[in-house]
Amino acid sequence: MTARRVYMTTAIPYVNARPHLGFALELVQADALARHRRLRGDEVRLLTGTDDNSLKNVLAAEAAGLTTAELVAGNAAHFADLQVALHLAFDDFIRTSTDPRHQPAVERLWRACVAAGDIYRAWYEGRYCVGCEQFYDADELDSGRCPEHETVPERVAEENWFFRLSRYQDQVEALITSGRLRILPEFHAREVLRFVRAGLQDFSVSRSRRRADGWGIPVPDDPTQVIYVWWDALGNYISALDYGTYGEAYRRWWLEADERVHVIGKGVLRFHAVYWPAMLLSAGEPPPTSILVHEYLTVNGRKLSKSLGNAIDPEGLVEQFGADSLRWWLLRDVAPTADTDFTVERLVARADSDLANALGNLINRTVAMVNRYRGGRVPAGGPGSLAGLLHRLPLDVDAGLAVYDFRAATGAVMEAIDAANRLVNLTRPWELARSRRSAELDAVLAALVYACRRIAHEITPFVPGLALSAVRQLGDGGIEVRPAEPLQPRLGPPHGGELRGSQQA
Ligand SMILES: [Zn+2]
């Protein structure tokens, strides 16, 4: 297979507070997908960043007695810190208020849509949720409240600039039905199609500068208005590729990429699957090719959110349990098509059963036995009875990730780990050693080292820290292994009481 060129992004969260676990899920998913594609030889560029220009940031700064720039800079730093904490291999991080690439690109996109005749001025009255930065129709509200934030939207009436979304209804529908824009899981594609077929309405793409408190990007040639923050935020995907100057990065990673992939949460699906492709079509630019949609994490059944006040600090979890344990829980336990409830007990139980017991035990006893029985030299030989399973392993991982199913992909790895552990229990190498059945012992040890090395390779996108440590002990393909050392400590049972640093006001 020839290498493909893949551009991949997360959504950019607004930074009115520190990052919560729900965004860590998105980061880890995107990182695992990018690492996996790189492992298979594809060329990948991975972007994340922060949406600094949201009205919510202005309000949060007012509440905290800071300037918006101060609040945003402080919180954006925590988002950037997650890259180290969660072992994320991003190529780029964009902050929409400070990155010099951003504003020229947003303006260019605006002007391109103006040139296409798709931006016009009109009076608007509606119900606006500041949390969502979105107008709602009455029938979209739950008993008059925002379905995301459970707050009553404010009534807003002002003259704004509008984008002629209605013009792109057929084109957006065709993108999705033809598969040129893939939306996964499948039921989200159907949901978007229902929305599109119900009729697309033009939407407001600017706010009065007064209401935005001067924060945001001014509308080109109209200083009384700032560009709607969603327009601004969506623009980050190409502003980070120097679309503003129509430069080399834009050509390479957008125009000429084989895949343009956005990993997002279900709450922002409409912006990414409808508005964003339409904006790009209007500007004469190619739309994304894939939108991968994750569900939400809950704590005690309630959505994790900054505004609902039950956010869990991913950095605190990493400090306490390690990046690999948190990554593994997010990839192994989080359901692809329904919300998943987070508890510390679940994280600990999953890490202990899969990483400490199954994987850690396999690597540890394999390396220890090669040291004890063969002086650290790996006997010659192949995968033996594990051959079929190990041949299938990368194919199964690929198949799972191709449909954005991390449970299937990590499940394939677990199947191989379990099979290798069963081989140890079945062949009992310690008895082979005692009874001097040397050829049989060689074959088993060779098969186990072979299996461990394959598993360590395949597990790299999911738990890069553990994989590295496993590869080090296994000798990275050489004829010798290193001394055995524990791969992953058992974490449980968790101590009672509040998880330090986990709750936010
Ligand atoms: Zn809302």
# chains A, B, ... in the order shown; residues from 1 in each chain; ligands from 1

$ residues_near_ligand --ligand "ligand 1" --cutoff "7 Å" --atoms "only C-alpha atoms and all ligand atoms" --output "short mmCIF file (atom, residue, chain, number, x, y, z; two decimals) with C-alpha atoms, in the first residue's frame"
data_model
loop_
_atom_site.label_atom_id
_atom_site.label_comp_id
_atom_site.auth_asym_id
_atom_site.auth_seq_id
_atom_site.Cartn_x
_atom_site.Cartn_y
_atom_site.Cartn_z
CA CYS A 129 -26.94 30.56 24.09
CA VAL A 130 -23.60 32.10 24.97
CA GLY A 131 -22.42 28.66 26.15
CA CYS A 132 -22.91 27.27 22.65
CA CYS A 146 -30.39 25.03 25.92
CA PRO A 147 -30.09 21.24 25.55
CA GLU A 148 -26.31 21.45 26.12
CA HIS A 149 -26.16 23.91 28.99
CA THR A 151 -29.67 27.52 30.67
#

$ residues_around --residues "Arg374 in chain A" --least-positions-apart "6" --cutoff "12 Å" --atoms "only C-alpha atoms" --output "JSON, numbers by chain"
{"A": [366, 367, 368, 380, 429, 433, 438, 439, 441, 442, 445, 446, 479, 480, 481]}

$ closest_residue --among "A:Leu491, A:Val196, A:Ala3, A:Ala105" --to "Tyr250 in chain A" --atoms "only C-alpha atoms"
A:Ala105

$ residues_around --residues "Val172 in chain A" --least-positions-apart "3" --cutoff "12 Å" --atoms "only C-alpha atoms" --output "ChimeraX atom specification"
/A:165-169,175-182,189,192-197,199-200,270,272-282,286-288

$ write_last_selection --atoms "C-alpha atoms" --output "mmCIF file, in the first residue's frame"
data_model
loop_
_atom_site.group_PDB
_atom_site.id
_atom_site.type_symbol
_atom_site.label_atom_id
_atom_site.label_comp_id
_atom_site.auth_asym_id
_atom_site.auth_seq_id
_atom_site.Cartn_x
_atom_site.Cartn_y
_atom_site.Cartn_z
ATOM 1 C CA LEU A 165 -25.960 28.388 3.857
ATOM 2 C CA SER A 166 -29.233 27.612 2.065
ATOM 3 C CA ARG A 167 -27.396 27.691 -1.248
ATOM 4 C CA TYR A 168 -25.262 24.681 -0.253
ATOM 5 C CA GLN A 169 -27.966 22.291 0.867
ATOM 6 C CA LEU A 175 -20.922 15.182 -0.090
ATOM 7 C CA ILE A 176 -22.283 12.949 2.630
ATOM 8 C CA THR A 177 -24.373 10.545 0.562
ATOM 9 C CA SER A 178 -21.507 10.015 -1.904
ATOM 10 C CA GLY A 179 -19.063 9.234 0.899
ATOM 11 C CA ARG A 180 -16.740 12.065 -0.116
ATOM 12 C CA LEU A 181 -17.391 13.313 3.405
ATOM 13 C CA ARG A 182 -17.454 10.345 5.755
ATOM 14 C CA ALA A 189 -24.199 10.746 9.299
ATOM 15 C CA VAL A 192 -26.733 15.215 9.735
ATOM 16 C CA LEU A 193 -28.607 14.162 6.593
ATOM 17 C CA ARG A 194 -31.930 14.541 8.377
ATOM 18 C CA PHE A 195 -30.920 18.046 9.431
ATOM 19 C CA VAL A 196 -29.760 18.990 5.944
ATOM 20 C CA ARG A 197 -32.860 17.575 4.230
ATOM 21 C CA GLY A 199 -33.797 22.608 4.889
ATOM 22 C CA LEU A 200 -30.716 24.690 5.604
ATOM 23 C CA ARG A 270 -23.525 20.508 12.863
ATOM 24 C CA HIS A 272 -18.302 20.709 11.306
ATOM 25 C CA ALA A 273 -20.496 18.600 9.027
ATOM 26 C CA VAL A 274 -22.718 21.347 7.598
ATOM 27 C CA TYR A 275 -21.471 24.902 8.173
ATOM 28 C CA TRP A 276 -17.774 24.227 7.666
ATOM 29 C CA PRO A 277 -18.052 22.246 4.389
ATOM 30 C CA ALA A 278 -20.452 24.899 3.063
ATOM 31 C CA MET A 279 -18.055 27.718 3.967
ATOM 32 C CA LEU A 280 -15.223 25.916 2.174
ATOM 33 C CA LEU A 281 -17.382 25.184 -0.889
ATOM 34 C CA SER A 282 -18.343 28.841 -1.022
ATOM 35 C CA PRO A 286 -12.076 21.403 -0.757
ATOM 36 C CA PRO A 287 -14.128 20.262 2.243
ATOM 37 C CA PRO A 288 -12.912 17.775 4.887
#

$ select_by_dssp --residues "range 191-383 of chain A" --states "alpha helix (DSSP H)" --output "ChimeraX atom specification"
/A:191-197,229-234,236-239,248-250,269-270,276-283,314-321,323-332,344-350,361-374

$ closest_residue --among "A:Leu395, A:Leu27, A:Ala335, A:Val348" --to "Tyr296 in chain A" --atoms "only C-alpha atoms"
A:Ala335

$ residues_around --residues "Val424 in chain A" --least-positions-apart "4" --cutoff "10 Å" --atoms "only C-alpha atoms" --output "list in words"
Leu362, Arg365, Thr366, Asp418, Ala419, Ala420, Arg428, Pro429, Trp430, Val444, Leu445 and Leu448 of chain A

$ write_last_selection --atoms "N, CA, C and O atoms" --output "compact mmCIF listing (two decimals), in the first residue's frame"
# COMPACT_ATOMS: atom_id res chain seq x y z
N LEU A 362 2.78 -10.61 31.07
CA LEU A 362 3.30 -11.30 29.89
C LEU A 362 4.73 -10.85 29.57
O LEU A 362 5.63 -11.67 29.38
N ARG A 365 7.20 -11.88 32.55
CA ARG A 365 7.66 -13.27 32.68
C ARG A 365 8.38 -13.75 31.44
O ARG A 365 9.29 -14.57 31.54
N THR A 366 8.04 -13.22 30.29
CA THR A 366 8.77 -13.60 29.07
C THR A 366 10.24 -13.17 29.19
O THR A 366 11.15 -13.98 28.99
N ASP A 418 -3.79 -12.09 25.64
CA ASP A 418 -4.38 -13.22 26.35
C ASP A 418 -3.93 -14.55 25.75
O ASP A 418 -3.66 -15.51 26.48
N ALA A 419 -3.83 -14.60 24.44
CA ALA A 419 -3.39 -15.84 23.79
C ALA A 419 -1.95 -16.18 24.19
O ALA A 419 -1.62 -17.33 24.44
N ALA A 420 -1.11 -15.15 24.24
CA ALA A 420 0.29 -15.39 24.62
C ALA A 420 0.38 -15.84 26.07
O ALA A 420 1.16 -16.74 26.42
N ARG A 428 3.89 -24.33 30.22
CA ARG A 428 4.63 -24.31 31.49
C ARG A 428 6.15 -24.39 31.26
O ARG A 428 6.78 -25.41 31.55
N PRO A 429 6.73 -23.31 30.74
CA PRO A 429 8.16 -23.33 30.40
C PRO A 429 9.05 -23.72 31.59
O PRO A 429 10.10 -24.32 31.39
N TRP A 430 8.64 -23.40 32.83
CA TRP A 430 9.46 -23.74 33.99
C TRP A 430 9.58 -25.27 34.14
O TRP A 430 10.61 -25.76 34.55
N VAL A 444 9.05 -22.32 22.67
CA VAL A 444 8.08 -21.51 23.42
C VAL A 444 8.63 -20.11 23.69
O VAL A 444 7.95 -19.10 23.48
N LEU A 445 9.89 -20.05 24.14
CA LEU A 445 10.48 -18.73 24.43
C LEU A 445 10.57 -17.87 23.17
O LEU A 445 10.29 -16.66 23.20
N LEU A 448 7.16 -16.57 22.39
CA LEU A 448 6.73 -15.52 23.32
C LEU A 448 7.42 -14.20 23.04
O LEU A 448 6.78 -13.13 23.05

$ residues_around --residues "Pro486 in chain A" --least-positions-apart "2" --cutoff "10 Å" --atoms "only C-alpha atoms" --output "ChimeraX atom specification"
/A:356,360-361,363-365,469-470,473,484,488-490
